[in-house]
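> Here it is: the structure, laid out below.
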Amino acid sequence: MESFSQVLFLLVFTSACVIKAQGVLLSTHFYQELCPLAEEIVRQHIEAEIYHDPNVAAQLLRLHFHDCFVMGCDASVLLDDVDGMLSEKNAVPNKNSLRGFEVIDRIKFALEIACPGIVSCADIVAIAARDSVVSRGGPSWEVFLGRKDSLKASFYEANRRIPAPNSTLETLIANFEDHGLDIVDLVSLSGAHTIGRSRCTSFKERLYNPPPFEAVWDERHYGFFHLLRSICPEEGHDNNLVPLDLKTPRRFDNFYYLNLLRGNALLNSDSQLVTTDTEFVVSDLVWQYALDQRLFFEHFTNSMIKMGNIGVLSEVEGEVRHNCRYIN
């Protein structure tokens, strides 16, 4: 796989910023003439949806991750089951867990009224992720647009390519490298766990059958795990939800990293960032972000742009769906 620096370059063209990813030109002003109100329509819908349910912000951010990590940022995750094709929605990392599909449907419906057949579902997901972060007090960034929607989904790849909540650090690094992302991307994008919730089933193993490095907890860790056990008993209640950041669960900030350093990581994959880094490269970044929120925001936005250009499809390879759940 080519490095990001090889597939990405920036230039100024008719006062718009342009990126070349996988040979496809994306622009921050892609819809300026074709659908000038596209981003405003998305923003207004996101604000309304999150006003009614603040949890939508984390759902849409996660939807973007799970889309990009399977065949690229092509809205394949939005496709429903059809004859001969299993939806990614039914893969283990997504089933009864990934949400926000109805929100994307409503945004797409509004855009089809304003600009029929113009704005791709993949671009809607990317814009919605950015606006969701902003709505929770996080940073903004320019979203490069012009993605096309895939003509297929991959149930198999969704099961294989999305990092599991019990992943080791070695597995996480290898997974991100396989997507053209580096350690800075891994640690900064993990900061998305500053908002959102996780089901008990994703971390219950740590509570009742802890790995060796967590077998002995000091007093400050005991209170945290005792609280989790009260919400997630050993038997049943697997779908109970716990905030990934118990301190500021609805605000996008750097408290996620402070929680890691205090031993209050909810998922094993999060805990790995500080407990198994023998060379201290990863944990050093955790410390930097915990001490400097502006640095975290800077690296996070850069990594979101970088991730948003994974596997971009050309007009020949994809299409602009009329309904995000089905190919045309």
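Residues are named by chain letter and number: chains run A, B, ... in the order of the structure tokens, numbers start at 1 in each chain, and ligands are numbered from 1 in the order shown.
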Name the residues in contact with A:Leu181 at a cut-off of 10 Å, using only C-alpha atoms, excluding same-chain residues fewer than 5 positions from it; report them as a ChimeraX atom specification.
/A:3-4,173-176,186,303,306-307,310
> Using only C-alpha atoms, which protein or nucleic acid residues come within 10 Å of A:Ile107? Drop anything in the same chain fewer than 6 positions from it, and give the result as a PDB file with N, CA and C atoms, in the first residue's frame.

```pdb
ATOM      1  N   ALA A  38     -25.473  22.045   0.441  1.00  0.00           N
ATOM      2  CA  ALA A  38     -25.345  20.661   0.913  1.00  0.00           C
ATOM      3  C   ALA A  38     -24.841  20.584   2.357  1.00  0.00           C
ATOM      4  N   ILE A  41     -27.342  21.985   4.888  1.00  0.00           N
ATOM      5  CA  ILE A  41     -28.464  21.071   5.125  1.00  0.00           C
ATOM      6  C   ILE A  41     -28.051  19.964   6.101  1.00  0.00           C
ATOM      7  N   VAL A  42     -26.860  19.409   5.896  1.00  0.00           N
ATOM      8  CA  VAL A  42     -26.372  18.374   6.812  1.00  0.00           C
ATOM      9  C   VAL A  42     -26.214  18.944   8.215  1.00  0.00           C
ATOM     10  N   ARG A  43     -25.605  20.108   8.319  1.00  0.00           N
ATOM     11  CA  ARG A  43     -25.360  20.715   9.637  1.00  0.00           C
ATOM     12  C   ARG A  43     -26.655  20.956  10.398  1.00  0.00           C
ATOM     13  N   GLN A  44     -27.660  21.498   9.718  1.00  0.00           N
ATOM     14  CA  GLN A  44     -28.933  21.785  10.391  1.00  0.00           C
ATOM     15  C   GLN A  44     -29.596  20.504  10.890  1.00  0.00           C
ATOM     16  N   HIS A  45     -29.538  19.454  10.088  1.00  0.00           N
ATOM     17  CA  HIS A  45     -30.114  18.179  10.507  1.00  0.00           C
ATOM     18  C   HIS A  45     -29.351  17.596  11.701  1.00  0.00           C
ATOM     19  N   ILE A  46     -28.037  17.678  11.676  1.00  0.00           N
ATOM     20  CA  ILE A  46     -27.235  17.143  12.776  1.00  0.00           C
ATOM     21  C   ILE A  46     -27.554  17.884  14.069  1.00  0.00           C
ATOM     22  N   CYS A 121     -23.842   9.365  -0.451  1.00  0.00           N
ATOM     23  CA  CYS A 121     -24.043   8.926   0.934  1.00  0.00           C
ATOM     24  C   CYS A 121     -22.725   8.915   1.690  1.00  0.00           C
ATOM     25  N   ILE A 124     -22.070  12.339   2.883  1.00  0.00           N
ATOM     26  CA  ILE A 124     -22.967  12.679   3.990  1.00  0.00           C
ATOM     27  C   ILE A 124     -22.412  12.141   5.296  1.00  0.00           C
ATOM     28  N   VAL A 125     -21.955  10.893   5.290  1.00  0.00           N
ATOM     29  CA  VAL A 125     -21.399  10.278   6.498  1.00  0.00           C
ATOM     30  C   VAL A 125     -20.176  11.054   6.975  1.00  0.00           C
ATOM     31  N   ALA A 128     -21.304  14.452   8.376  1.00  0.00           N
ATOM     32  CA  ALA A 128     -22.036  14.237   9.626  1.00  0.00           C
ATOM     33  C   ALA A 128     -21.089  13.951  10.780  1.00  0.00           C
TER      34      ALA A 128
END
```
> List the neighbours of A:Phe69 out to 12 Å using only C-alpha atoms; skip same-chain residues closer than 5 positions along the sequence, and give me the result as a VMD selection string.
chain A and resid 62 to 64 74 to 77 88 93 154 157 to 163 175 to 181 307 to 312
> For stretch 247-258 of chain A, list every protein, DNA or RNA residue within 9 Å, evaluated using only C-alpha atoms, and leave out those in the same chain fewer than 6 positions away; present the list as a ChimeraX atom specification.
/A:54-55,57-58,133-139,190-197,264-265,286-294,296-297
> Identify, with DSSP run on backbone atoms, the residues in stretch 42-274 of chain A assigned to strand (DSSP E), and express the list as a PDB file with C-alpha atoms, in the first residue's frame.

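In the end it all went to states-v7.pdb:
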```
ATOM      1  CA  ARG A 197     -21.210   4.448  25.153  1.00  0.00           C
ATOM      2  CA  SER A 198     -20.272   0.784  25.046  1.00  0.00           C
ATOM      3  CA  ARG A 199     -22.285  -2.348  25.783  1.00  0.00           C
ATOM      4  CA  LEU A 241     -24.658   0.786  28.174  1.00  0.00           C
ATOM      5  CA  VAL A 242     -21.778   2.516  29.954  1.00  0.00           C
ATOM      6  CA  PRO A 243     -20.188   5.848  28.894  1.00  0.00           C
TER       7      PRO A 243
END
```
> I want to know what sits within 10 Å of A:Ser283, based on only C-alpha atoms, with residues of the same chain fewer than 6 positions away left out; could you give that as number ranges by chain?
A: 187, 257, 260-261, 272-277, 289
> Keeping only N, CA and C atoms, take the residues you just selected and write them out as a PDB file, in the first residue's frame.

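So the final result, stored in again.pdb, reads:
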```pdb
ATOM      1  N   VAL A 187      -3.516   6.711  18.085  1.00  0.00           N
ATOM      2  CA  VAL A 187      -3.736   7.292  19.410  1.00  0.00           C
ATOM      3  C   VAL A 187      -4.707   8.465  19.345  1.00  0.00           C
ATOM      4  N   TYR A 257      -7.965  10.674  27.628  1.00  0.00           N
ATOM      5  CA  TYR A 257      -6.560  10.371  27.893  1.00  0.00           C
ATOM      6  C   TYR A 257      -6.241  10.468  29.387  1.00  0.00           C
ATOM      7  N   LEU A 260      -7.345   7.250  30.848  1.00  0.00           N
ATOM      8  CA  LEU A 260      -6.386   6.166  30.594  1.00  0.00           C
ATOM      9  C   LEU A 260      -5.258   6.189  31.611  1.00  0.00           C
ATOM     10  N   LEU A 261      -4.738   7.374  31.886  1.00  0.00           N
ATOM     11  CA  LEU A 261      -3.607   7.495  32.804  1.00  0.00           C
ATOM     12  C   LEU A 261      -4.010   7.205  34.248  1.00  0.00           C
ATOM     13  N   GLN A 272      -4.794  -0.810  26.447  1.00  0.00           N
ATOM     14  CA  GLN A 272      -3.546  -1.217  25.803  1.00  0.00           C
ATOM     15  C   GLN A 272      -2.640  -0.027  25.471  1.00  0.00           C
ATOM     16  N   LEU A 273      -3.210   1.134  25.285  1.00  0.00           N
ATOM     17  CA  LEU A 273      -2.420   2.301  24.900  1.00  0.00           C
ATOM     18  C   LEU A 273      -1.452   2.728  25.990  1.00  0.00           C
ATOM     19  N   VAL A 274      -1.706   2.321  27.236  1.00  0.00           N
ATOM     20  CA  VAL A 274      -0.840   2.747  28.330  1.00  0.00           C
ATOM     21  C   VAL A 274      -0.243   1.598  29.124  1.00  0.00           C
ATOM     22  N   THR A 275      -0.725   0.383  28.930  1.00  0.00           N
ATOM     23  CA  THR A 275      -0.275  -0.722  29.781  1.00  0.00           C
ATOM     24  C   THR A 275       0.716  -1.666  29.120  1.00  0.00           C
ATOM     25  N   THR A 276       0.755  -1.698  27.798  1.00  0.00           N
ATOM     26  CA  THR A 276       1.617  -2.676  27.125  1.00  0.00           C
ATOM     27  C   THR A 276       2.598  -2.037  26.144  1.00  0.00           C
ATOM     28  N   ASP A 277       2.774  -0.742  26.233  1.00  0.00           N
ATOM     29  CA  ASP A 277       3.674  -0.024  25.327  1.00  0.00           C
ATOM     30  C   ASP A 277       5.093  -0.034  25.897  1.00  0.00           C
ATOM     31  N   TYR A 289      -1.410  14.283  24.886  1.00  0.00           N
ATOM     32  CA  TYR A 289      -2.806  14.688  24.664  1.00  0.00           C
ATOM     33  C   TYR A 289      -3.519  14.993  25.980  1.00  0.00           C
TER      34      TYR A 289
END
```
> Need to verify the contact set: A:Leu60, 7 Å, only C-alpha atoms, exclusion of same-chain residues closer than 5 positions in sequence. Can you return it as a compact mmCIF listing (two decimals) with all heavy atoms, in the first residue's frame?

```
# COMPACT_ATOMS: atom_id res chain seq x y z
N GLY A 100 -27.35 5.13 13.88
CA GLY A 100 -27.31 6.39 13.13
C GLY A 100 -27.81 6.27 11.71
O GLY A 100 -27.85 7.26 10.97
N ALA A 128 -21.30 14.45 8.38
CA ALA A 128 -22.04 14.24 9.63
C ALA A 128 -21.09 13.95 10.78
O ALA A 128 -21.32 14.39 11.92
CB ALA A 128 -23.03 13.10 9.45
N ALA A 129 -20.01 13.21 10.52
CA ALA A 129 -19.02 12.92 11.56
C ALA A 129 -18.38 14.21 12.05
O ALA A 129 -18.23 14.43 13.27
CB ALA A 129 -17.97 11.95 11.04
N SER A 132 -20.87 16.33 14.01
CA SER A 132 -21.16 15.71 15.30
C SER A 132 -20.10 16.06 16.33
O SER A 132 -20.41 16.36 17.49
CB SER A 132 -21.27 14.19 15.14
OG SER A 132 -22.38 13.83 14.34
```
> Excluding same-chain residues fewer than 6 positions from A:Cys115, what lies within 12 Å of it counting only C-alpha atoms, as a list in words?
Tyr31, Gln32, Glu33, Leu34, Cys35, Pro36, Leu37, Ala38, Glu39, Ile41, Ile107, Lys108, Phe109, Val320 and His322 of chain A
> For those residues, write all heavy atoms to a file as a compact mmCIF listing (two decimals), in the first residue's frame.

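What landed in selection-v6.txt:
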```
# COMPACT_ATOMS: atom_id res chain seq x y z
N TYR A 31 -19.25 20.69 -3.90
CA TYR A 31 -20.68 20.93 -4.18
C TYR A 31 -21.03 22.41 -4.31
O TYR A 31 -22.21 22.78 -4.31
CB TYR A 31 -21.53 20.30 -3.07
CG TYR A 31 -21.41 18.79 -3.00
CD1 TYR A 31 -20.80 18.18 -1.91
CD2 TYR A 31 -21.88 17.98 -4.03
CE1 TYR A 31 -20.66 16.80 -1.84
CE2 TYR A 31 -21.75 16.60 -3.97
CZ TYR A 31 -21.14 16.02 -2.88
OH TYR A 31 -21.02 14.65 -2.81
N GLN A 32 -20.02 23.25 -4.44
CA GLN A 32 -20.25 24.69 -4.46
C GLN A 32 -21.22 25.10 -5.57
O GLN A 32 -22.08 25.97 -5.35
CB GLN A 32 -18.93 25.43 -4.63
CG GLN A 32 -19.04 26.94 -4.46
CD GLN A 32 -17.68 27.61 -4.35
OE1 GLN A 32 -16.71 27.14 -4.92
NE2 GLN A 32 -17.61 28.69 -3.61
N GLU A 33 -21.12 24.49 -6.72
CA GLU A 33 -22.02 24.82 -7.82
C GLU A 33 -23.15 23.80 -7.97
O GLU A 33 -24.28 24.15 -8.32
CB GLU A 33 -21.24 24.92 -9.14
CG GLU A 33 -20.22 26.05 -9.16
CD GLU A 33 -19.52 26.17 -10.51
OE1 GLU A 33 -19.89 25.42 -11.44
OE2 GLU A 33 -18.59 26.98 -10.61
N LEU A 34 -22.84 22.53 -7.69
CA LEU A 34 -23.84 21.47 -7.90
C LEU A 34 -24.91 21.47 -6.82
O LEU A 34 -26.09 21.18 -7.12
CB LEU A 34 -23.13 20.11 -7.91
CG LEU A 34 -22.09 19.88 -9.00
CD1 LEU A 34 -21.32 18.60 -8.74
CD2 LEU A 34 -22.78 19.83 -10.36
N CYS A 35 -24.53 21.78 -5.59
CA CYS A 35 -25.48 21.78 -4.47
C CYS A 35 -24.92 22.66 -3.36
O CYS A 35 -24.42 22.19 -2.36
CB CYS A 35 -25.70 20.34 -3.96
SG CYS A 35 -27.04 20.18 -2.76
N PRO A 36 -24.99 23.98 -3.55
CA PRO A 36 -24.29 24.91 -2.66
C PRO A 36 -24.72 24.84 -1.19
O PRO A 36 -23.95 25.22 -0.31
CB PRO A 36 -24.61 26.28 -3.26
CG PRO A 36 -25.81 26.07 -4.13
CD PRO A 36 -25.70 24.67 -4.65
N LEU A 37 -25.93 24.35 -0.91
CA LEU A 37 -26.40 24.29 0.47
C LEU A 37 -26.21 22.91 1.10
O LEU A 37 -26.72 22.64 2.20
CB LEU A 37 -27.89 24.68 0.54
CG LEU A 37 -28.22 26.14 0.18
CD1 LEU A 37 -29.72 26.36 0.25
CD2 LEU A 37 -27.48 27.11 1.10
N ALA A 38 -25.47 22.04 0.44
CA ALA A 38 -25.35 20.66 0.91
C ALA A 38 -24.84 20.58 2.36
O ALA A 38 -25.46 19.94 3.21
CB ALA A 38 -24.41 19.87 -0.01
N GLU A 39 -23.72 21.22 2.65
CA GLU A 39 -23.16 21.13 4.00
C GLU A 39 -24.05 21.82 5.03
O GLU A 39 -24.15 21.37 6.17
CB GLU A 39 -21.75 21.71 4.03
CG GLU A 39 -20.72 20.86 3.28
CD GLU A 39 -19.29 21.28 3.56
OE1 GLU A 39 -18.83 21.10 4.70
OE2 GLU A 39 -18.64 21.78 2.62
N ILE A 41 -27.34 21.99 4.89
CA ILE A 41 -28.46 21.07 5.12
C ILE A 41 -28.05 19.96 6.10
O ILE A 41 -28.79 19.63 7.04
CB ILE A 41 -28.96 20.47 3.79
CG1 ILE A 41 -29.63 21.55 2.95
CG2 ILE A 41 -29.92 19.30 4.03
CD1 ILE A 41 -29.97 21.12 1.53
N ILE A 107 -31.27 12.82 6.35
CA ILE A 107 -30.44 13.82 5.68
C ILE A 107 -30.45 13.61 4.18
O ILE A 107 -30.58 14.56 3.39
CB ILE A 107 -29.00 13.78 6.23
CG1 ILE A 107 -28.98 14.15 7.71
CG2 ILE A 107 -28.09 14.71 5.43
CD1 ILE A 107 -27.63 13.96 8.38
N LYS A 108 -30.32 12.35 3.77
CA LYS A 108 -30.31 12.03 2.34
C LYS A 108 -31.63 12.43 1.69
O LYS A 108 -31.65 12.96 0.57
CB LYS A 108 -30.06 10.53 2.15
CG LYS A 108 -30.06 10.05 0.69
CD LYS A 108 -28.96 10.71 -0.14
CE LYS A 108 -28.88 10.08 -1.52
NZ LYS A 108 -27.91 10.77 -2.39
N PHE A 109 -32.74 12.19 2.38
CA PHE A 109 -34.06 12.56 1.85
C PHE A 109 -34.13 14.06 1.58
O PHE A 109 -34.61 14.50 0.52
CB PHE A 109 -35.14 12.14 2.84
CG PHE A 109 -36.54 12.44 2.39
CD1 PHE A 109 -37.19 11.61 1.48
CD2 PHE A 109 -37.21 13.57 2.86
CE1 PHE A 109 -38.48 11.89 1.05
CE2 PHE A 109 -38.49 13.86 2.43
CZ PHE A 109 -39.15 13.02 1.52
N VAL A 320 -23.62 7.65 -7.13
CA VAL A 320 -24.30 8.44 -6.11
C VAL A 320 -25.67 7.79 -5.91
O VAL A 320 -26.54 7.88 -6.79
CB VAL A 320 -24.46 9.92 -6.52
CG1 VAL A 320 -25.29 10.67 -5.48
CG2 VAL A 320 -23.10 10.57 -6.69
N HIS A 322 -29.44 7.00 -4.78
CA HIS A 322 -30.65 7.78 -4.50
C HIS A 322 -31.18 7.46 -3.12
O HIS A 322 -31.77 8.31 -2.46
CB HIS A 322 -31.72 7.50 -5.56
CG HIS A 322 -31.27 7.78 -6.96
ND1 HIS A 322 -30.80 9.02 -7.35
CD2 HIS A 322 -31.19 6.98 -8.06
CE1 HIS A 322 -30.45 8.97 -8.63
NE2 HIS A 322 -30.68 7.75 -9.08
```
> Please report the interatomic distance between atom CA of A:Leu25 and atom CA of A:Leu145 in Å with one decimal.
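Interatomic distance here is 8.7 Å.
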> Provide the atom CA of A:Leu244 to atom CA of A:Phe65 distance in Å, to one decimal place.
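Between atom CA of A:Leu244 and atom CA of A:Phe65 the gap works out to 16.2 Å.
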> Of the residues A:Glu279, A:Phe203, A:Asp149, A:Phe30, which is the one nearest to A:Asn240, using only C-alpha atoms?
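Residue with the minimum atom-to-atom distance to A:Asn240: A:Phe203.
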> What does the distance from atom CA of A:Asn90 to atom CA of A:Pro165 come to in Å, to one decimal?
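Going from atom CA of A:Asn90 over to atom CA of A:Pro165 covers 17.1 Å.
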> Using only C-alpha atoms, which of A:Lys204, A:Lys95, A:His299, A:Arg147 sits nearest A:Asp238?
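Ranked by minimum distance to A:Asp238, first place goes to A:Lys204.
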> Nearest to A:Glu49: which of A:Val103, A:Val18, A:Val70, A:Leu79 is it, counting only C-alpha atoms?
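Smallest distance to A:Glu49 is found for A:Val103.
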